[in-house]
Amino acid sequence: MNFKALQKRAKETKVSEKTGKVARKKRFGKTIGHRAPAMFVSILEQKVKSLGGSFKRVNTQTFKASQYCHVRNDFTKKPLSERWHVIDDETRVQRDLYSAFLLMNANSLGTTKAKRDTCLKTFPLFKSLHDQEINSVKKEKRRIFNSGIKL
């Protein structure tokens with residue numbers, strides 16, 4: 001995500017038609033500072049590596065995990081409200097989990113898209129674990145907001 005762009009102030013001054021007051025030009029600078037996303041990523045990387053895991057940095061602007069389909073090998077832009085990725089008539093996966101699957105199978109540089117051959121090999125295992133977890137969430141009636149999982 002481009003945090004620098006979120007920090008920038010608005011260029012033009014707008015006046016509210018209702019009140020006649022000048023609208024704020026500020027954006028998310030202070031909020032981003034409080035959340036410190038770069039520090040979070042570096043702490044996460046340090047913890048993952050200390051526990052023996054692997055950590056990959058991915059360029060989110062070129063990778064486009066939520067738009068890629070490893071079966072069709074194409075990119076399809078979807079609205080954020082669409083929470084399920086439909087691969088074919090029978091295969092539906094939760095969008096965030098599928099994005100994590102694609103990120104797991106990213107090339108070593110993490111620049112363009114997931115390694116398709118690796119995705120094709122590991123997808124059956126991912127799908128079985130995915131279905132198991134979705135069923136567990138439904139059975140336990142856990143509410144995960146904005147996931148698209150209907151209880």
# chains A, B, ... in the order shown; residues from 1 in each chain; ligands from 1
>>> residues_around(residues="A:Thr91", least_positions_apart="2", cutoff="12 Å", atoms="only C-alpha atoms", output="ChimeraX atom specification")
/A:69,71,84-89,93-94,98,123-124,127-128,130-131
>>> select_by_dssp(residues="stretch 13-138 of chain A", states="strand (DSSP E)", output="list in words")
Tyr68, Cys69, Asp74, Phe75, Trp84, His85, Val86, Arg92, Val93 and Gln94 of chain A
>>> closest_residue(among="A:Thr62, A:Asn107, A:Ser81, A:Gln132", to="A:Arg95", atoms="only C-alpha atoms")
A:Ser81
>>> atom_distance(atom1="atom CA of A:Gln46", atom2="atom CA of A:Val58")
16.2 Å
>>> residues_around(residues="A:Thr76", least_positions_apart="4", cutoff="10 Å", atoms="only C-alpha atoms", output="list in words")
Lys64, Ser66, Gln67, Tyr68 and Cys69 of chain A
>>> closest_residue(among="A:Phe145, A:Thr13, A:Lys113, A:Asp74", to="A:Gln61", atoms="only C-alpha atoms")
A:Lys113
>>> atom_distance(atom1="atom CA of A:Phe126", atom2="atom CA of A:Ala106")
14.9 Å
>>> closest_residue(among="A:Val15, A:Ile149, A:Leu80, A:Leu102", to="A:Thr122", atoms="only C-alpha atoms")
A:Leu102
>>> closest_residue(among="A:Pro37, A:Ala65, A:Glu140, A:Val48", to="A:Lys78", atoms="only C-alpha atoms")
A:Ala65
>>> decode(residues="stretch 3-126 of chain A", atoms="C-alpha atoms", output="short mmCIF file (atom, residue, chain, number, x, y, z; two decimals), in the first residue's frame")
data_model
loop_
_atom_site.label_atom_id
_atom_site.label_comp_id
_atom_site.auth_asym_id
_atom_site.auth_seq_id
_atom_site.Cartn_x
_atom_site.Cartn_y
_atom_site.Cartn_z
CA PHE A 3 1.30 5.14 2.62
CA LYS A 4 3.07 8.23 1.30
CA ALA A 5 0.07 9.00 -0.93
CA LEU A 6 -2.31 8.68 2.03
CA GLN A 7 -0.27 11.27 3.94
CA LYS A 8 -0.47 13.97 1.28
CA ARG A 9 -2.69 16.97 1.84
CA ALA A 10 -5.45 17.91 -0.58
CA LYS A 11 -4.27 20.43 -3.18
CA GLU A 12 -7.45 22.42 -3.70
CA THR A 13 -9.33 24.25 -0.98
CA LYS A 14 -13.00 23.30 -0.82
CA VAL A 15 -15.75 25.32 0.82
CA SER A 16 -18.75 23.50 2.24
CA GLU A 17 -21.97 24.61 0.53
CA LYS A 18 -24.01 23.95 3.66
CA THR A 19 -21.97 25.85 6.24
CA GLY A 20 -19.68 28.03 4.15
CA LYS A 21 -16.67 26.82 6.13
CA VAL A 22 -13.42 25.69 4.57
CA ALA A 23 -13.13 21.90 4.45
CA ARG A 24 -10.14 20.16 6.00
CA LYS A 25 -7.18 19.49 3.74
CA LYS A 26 -5.56 16.96 6.05
CA ARG A 27 -5.68 13.25 5.35
CA PHE A 28 -4.29 10.26 7.22
CA GLY A 29 -0.79 11.45 8.23
CA LYS A 30 -1.18 11.29 12.00
CA THR A 31 -3.28 8.12 11.88
CA ILE A 32 -0.65 6.32 9.82
CA GLY A 33 2.02 7.53 12.22
CA HIS A 34 0.12 6.07 15.18
CA ARG A 35 -0.31 2.72 13.46
CA ALA A 36 3.30 2.60 12.15
CA PRO A 37 2.79 0.04 9.33
CA ALA A 38 6.48 -0.12 8.40
CA MET A 39 7.44 -0.87 11.98
CA PHE A 40 4.75 -3.58 12.17
CA VAL A 41 6.15 -5.27 9.05
CA SER A 42 9.73 -5.16 10.34
CA ILE A 43 8.71 -6.55 13.76
CA LEU A 44 6.67 -9.28 12.05
CA GLU A 45 9.63 -10.17 9.82
CA GLN A 46 11.95 -10.35 12.82
CA LYS A 47 9.56 -12.60 14.78
CA VAL A 48 8.89 -14.94 11.84
CA LYS A 49 12.61 -15.39 11.14
CA SER A 50 13.44 -15.91 14.83
CA LEU A 51 10.89 -18.75 14.93
CA GLY A 52 12.48 -20.36 11.86
CA GLY A 53 9.84 -19.32 9.32
CA SER A 54 10.30 -17.66 5.96
CA PHE A 55 9.28 -14.08 5.19
CA LYS A 56 8.73 -12.66 1.70
CA ARG A 57 8.22 -9.03 0.84
CA VAL A 58 5.76 -8.55 -2.00
CA ASN A 59 5.08 -5.48 -4.12
CA THR A 60 1.31 -5.18 -3.64
CA GLN A 61 0.87 -2.85 -6.61
CA THR A 62 2.28 -5.34 -9.13
CA PHE A 63 1.41 -8.65 -7.45
CA LYS A 64 -2.40 -8.10 -7.23
CA ALA A 65 -3.14 -11.26 -5.21
CA SER A 66 -6.89 -10.63 -4.91
CA GLN A 67 -7.26 -10.31 -8.70
CA TYR A 68 -5.23 -13.32 -9.89
CA CYS A 69 -6.65 -16.79 -10.68
CA HIS A 70 -4.02 -19.53 -10.91
CA VAL A 71 -6.33 -21.87 -12.87
CA ARG A 72 -7.23 -19.40 -15.63
CA ASN A 73 -3.84 -17.65 -15.30
CA ASP A 74 -5.43 -14.19 -15.62
CA PHE A 75 -6.25 -11.09 -13.59
CA THR A 76 -9.85 -10.01 -12.99
CA LYS A 77 -10.58 -6.86 -11.00
CA LYS A 78 -13.27 -7.44 -8.37
CA PRO A 79 -15.06 -5.04 -6.04
CA LEU A 80 -13.98 -5.18 -2.39
CA SER A 81 -17.49 -6.32 -1.43
CA GLU A 82 -17.01 -9.57 -3.38
CA ARG A 83 -15.61 -11.81 -0.63
CA TRP A 84 -15.47 -15.16 -2.49
CA HIS A 85 -13.21 -16.06 -5.40
CA VAL A 86 -15.02 -18.33 -7.88
CA ILE A 87 -12.57 -20.58 -9.73
CA ASP A 88 -15.13 -22.75 -11.52
CA ASP A 89 -18.76 -23.81 -11.02
CA GLU A 90 -17.92 -26.02 -8.03
CA THR A 91 -14.89 -24.31 -6.49
CA ARG A 92 -15.32 -21.22 -4.33
CA VAL A 93 -12.68 -19.97 -1.89
CA GLN A 94 -12.69 -17.10 0.57
CA ARG A 95 -10.91 -14.16 -1.07
CA ASP A 96 -8.50 -13.30 1.78
CA LEU A 97 -7.47 -16.92 2.32
CA TYR A 98 -6.95 -17.37 -1.42
CA SER A 99 -4.79 -14.22 -1.53
CA ALA A 100 -2.69 -15.65 1.31
CA PHE A 101 -2.35 -18.91 -0.64
CA LEU A 102 -1.12 -16.98 -3.71
CA LEU A 103 1.29 -14.93 -1.60
CA MET A 104 2.65 -18.15 -0.08
CA ASN A 105 3.41 -19.34 -3.63
CA ALA A 106 4.98 -16.06 -4.76
CA ASN A 107 8.20 -16.07 -6.75
CA SER A 108 11.36 -15.29 -4.79
CA LEU A 109 11.29 -11.61 -5.83
CA GLY A 110 7.57 -11.23 -5.05
CA THR A 111 7.04 -8.92 -7.97
CA THR A 112 4.47 -10.04 -10.53
CA LYS A 113 2.37 -13.11 -9.72
CA ALA A 114 2.42 -16.48 -8.00
CA LYS A 115 4.30 -19.43 -9.46
CA ARG A 116 1.49 -21.16 -11.32
CA ASP A 117 3.00 -24.66 -11.31
CA THR A 118 3.49 -24.51 -7.52
CA CYS A 119 -0.07 -23.25 -7.09
CA LEU A 120 -1.47 -26.10 -9.17
CA LYS A 121 0.44 -28.65 -7.05
CA THR A 122 -0.45 -27.23 -3.64
CA PHE A 123 -4.05 -26.12 -4.32
CA PRO A 124 -5.77 -29.44 -3.43
CA LEU A 125 -4.19 -29.38 0.05
CA PHE A 126 -5.06 -25.69 0.47
#
